[in-house]
Amino acid sequence: MTIAEHPAGRLYVHGAVSATDPVAPTAGIVPRAVTWSKVDTGFHVASKAGEYVGSVDTTPDGHFVAFDATSAPIGRYADLSEAKTAVLSWKPERSRMRDRHVGRIVHPIAASAGLVAGVTAAFGALLTVFPA
């Protein structure tokens with residue numbers, strides 16, 4: 001079979017499977033969940049696909065200190081679940097700065113679009129009450 005004869009118009013490779021040939025089903029891409037492991041008394045480590053995400057350590061007075069992926073402290077919490085949530089929702093400073101910057105740009109645009117939509121709706125309502 002030549003290139004011109006191939007249904008897709010591409011180079012034919014003997015033994016290759018075309019897109020229309022049945023293939024074995026593949027597993028869908030599923031994001032891996034974060035796994036928490038208690039590695040020592042009062043010390044919990046979070047990992048995702050084998051990569052370190054952060055940890056929570058218990059203080060002598062019974063509080064929990066959350067640490068990010070660089071082992072920098074995030075905060076001190078009264079409840080283990082709060083500390084774990086802080087680890088999972090933590091964003092590096094650079095990401096938080098970027099989000100604030102984008103927010104300063106996007107919020108006025110969104111407010112303007114809302115204002116235009118509101119005026120357009122009000123004008124449309126007036127046209128139904130007072131047809132031209």
# chains A, B, ... in the order shown; residues from 1 in each chain; ligands from 1

$ residues_around --residues "Val56 of chain A" --least-positions-apart "4" --cutoff "10 Å" --atoms "only C-alpha atoms" --output "number ranges by chain"
A: 36, 38, 42-46, 63-68, 71, 73-77, 80-81, 83-84, 86-87

$ residues_around --residues "Leu88 of chain A" --least-positions-apart "3" --cutoff "8 Å" --atoms "only C-alpha atoms" --output "ChimeraX atom specification"
/A:53-54,84-85

$ atom_distance --atom1 "atom CA of Asp79 of chain A" --atom2 "atom CA of Asp61 of chain A"
12.2 Å

$ residues_around --residues "segment 48-52 of chain A" --least-positions-apart "4" --cutoff "7 Å" --atoms "only C-alpha atoms" --output "number ranges by chain"
A: 32-35, 69

$ write_last_selection --atoms "all heavy atoms" --output "CSV table (one decimal), in the first residue's frame"
chain,number,residue,atom,x,y,z
A,32,ARG,N,-4.5,10.8,40.8
A,32,ARG,CA,-4.2,10.0,42.0
A,32,ARG,C,-4.5,10.8,43.3
A,32,ARG,O,-4.3,12.0,43.3
A,32,ARG,CB,-2.7,9.7,42.1
A,32,ARG,CG,-2.3,8.8,40.9
A,32,ARG,CD,-1.0,8.1,41.2
A,32,ARG,NE,-0.7,7.3,40.1
A,32,ARG,CZ,-0.4,6.0,40.2
A,32,ARG,NH1,-0.5,5.4,41.3
A,32,ARG,NH2,-0.1,5.3,39.1
A,33,ALA,N,-5.1,10.1,44.2
A,33,ALA,CA,-5.5,10.8,45.5
A,33,ALA,C,-4.3,10.9,46.4
A,33,ALA,O,-3.3,10.2,46.3
A,33,ALA,CB,-6.5,10.0,46.2
A,34,VAL,N,-4.4,11.9,47.3
A,34,VAL,CA,-3.3,12.1,48.3
A,34,VAL,C,-3.5,11.0,49.4
A,34,VAL,O,-4.6,10.7,49.8
A,34,VAL,CB,-3.4,13.5,48.9
A,34,VAL,CG1,-2.5,13.6,50.1
A,34,VAL,CG2,-3.1,14.5,47.8
A,35,THR,N,-2.4,10.4,49.7
A,35,THR,CA,-2.4,9.3,50.8
A,35,THR,C,-1.8,9.8,52.0
A,35,THR,O,-0.7,10.4,52.0
A,35,THR,CB,-1.7,8.1,50.3
A,35,THR,OG1,-2.3,7.6,49.0
A,35,THR,CG2,-1.8,7.0,51.3
A,69,ALA,N,5.1,21.2,51.1
A,69,ALA,CA,6.0,20.3,50.4
A,69,ALA,C,7.5,20.6,50.6
A,69,ALA,O,8.3,19.8,50.3
A,69,ALA,CB,5.6,20.2,49.0

$ select_by_dssp --residues "segment 71-111 of chain A" --states "helix (DSSP H, G or I)" --output "ChimeraX atom specification"
/A:80-89,93-111

$ write_last_selection --atoms "C-alpha atoms" --output "compact mmCIF listing (two decimals), in the first residue's frame"
# COMPACT_ATOMS: atom_id res chain seq x y z
CA LEU A 80 -5.79 17.14 62.98
CA SER A 81 -8.34 17.32 60.15
CA GLU A 82 -7.90 21.13 59.94
CA ALA A 83 -4.14 20.71 59.68
CA LYS A 84 -4.49 18.05 56.97
CA THR A 85 -6.88 20.29 55.03
CA ALA A 86 -4.36 23.14 55.27
CA VAL A 87 -1.64 20.92 53.78
CA LEU A 88 -3.85 19.86 50.87
CA SER A 89 -5.11 23.36 50.09
CA GLU A 93 3.53 32.18 47.73
CA ARG A 94 4.23 32.63 44.01
CA SER A 95 0.91 30.96 43.11
CA ARG A 96 -0.98 33.03 45.65
CA MET A 97 0.60 36.23 44.28
CA ARG A 98 -0.32 35.22 40.73
CA ASP A 99 -3.91 34.49 41.79
CA ARG A 100 -4.18 37.91 43.44
CA HIS A 101 -2.74 39.58 40.32
CA VAL A 102 -5.15 37.76 38.02
CA GLY A 103 -8.01 38.63 40.37
CA ARG A 104 -7.15 42.34 40.16
CA ILE A 105 -7.39 42.08 36.37
CA VAL A 106 -10.39 39.76 36.05
CA HIS A 107 -12.70 41.24 38.69
CA PRO A 108 -13.18 44.64 36.98
CA ILE A 109 -13.74 42.91 33.63
CA ALA A 110 -16.33 40.58 35.19
CA ALA A 111 -18.05 43.52 36.92
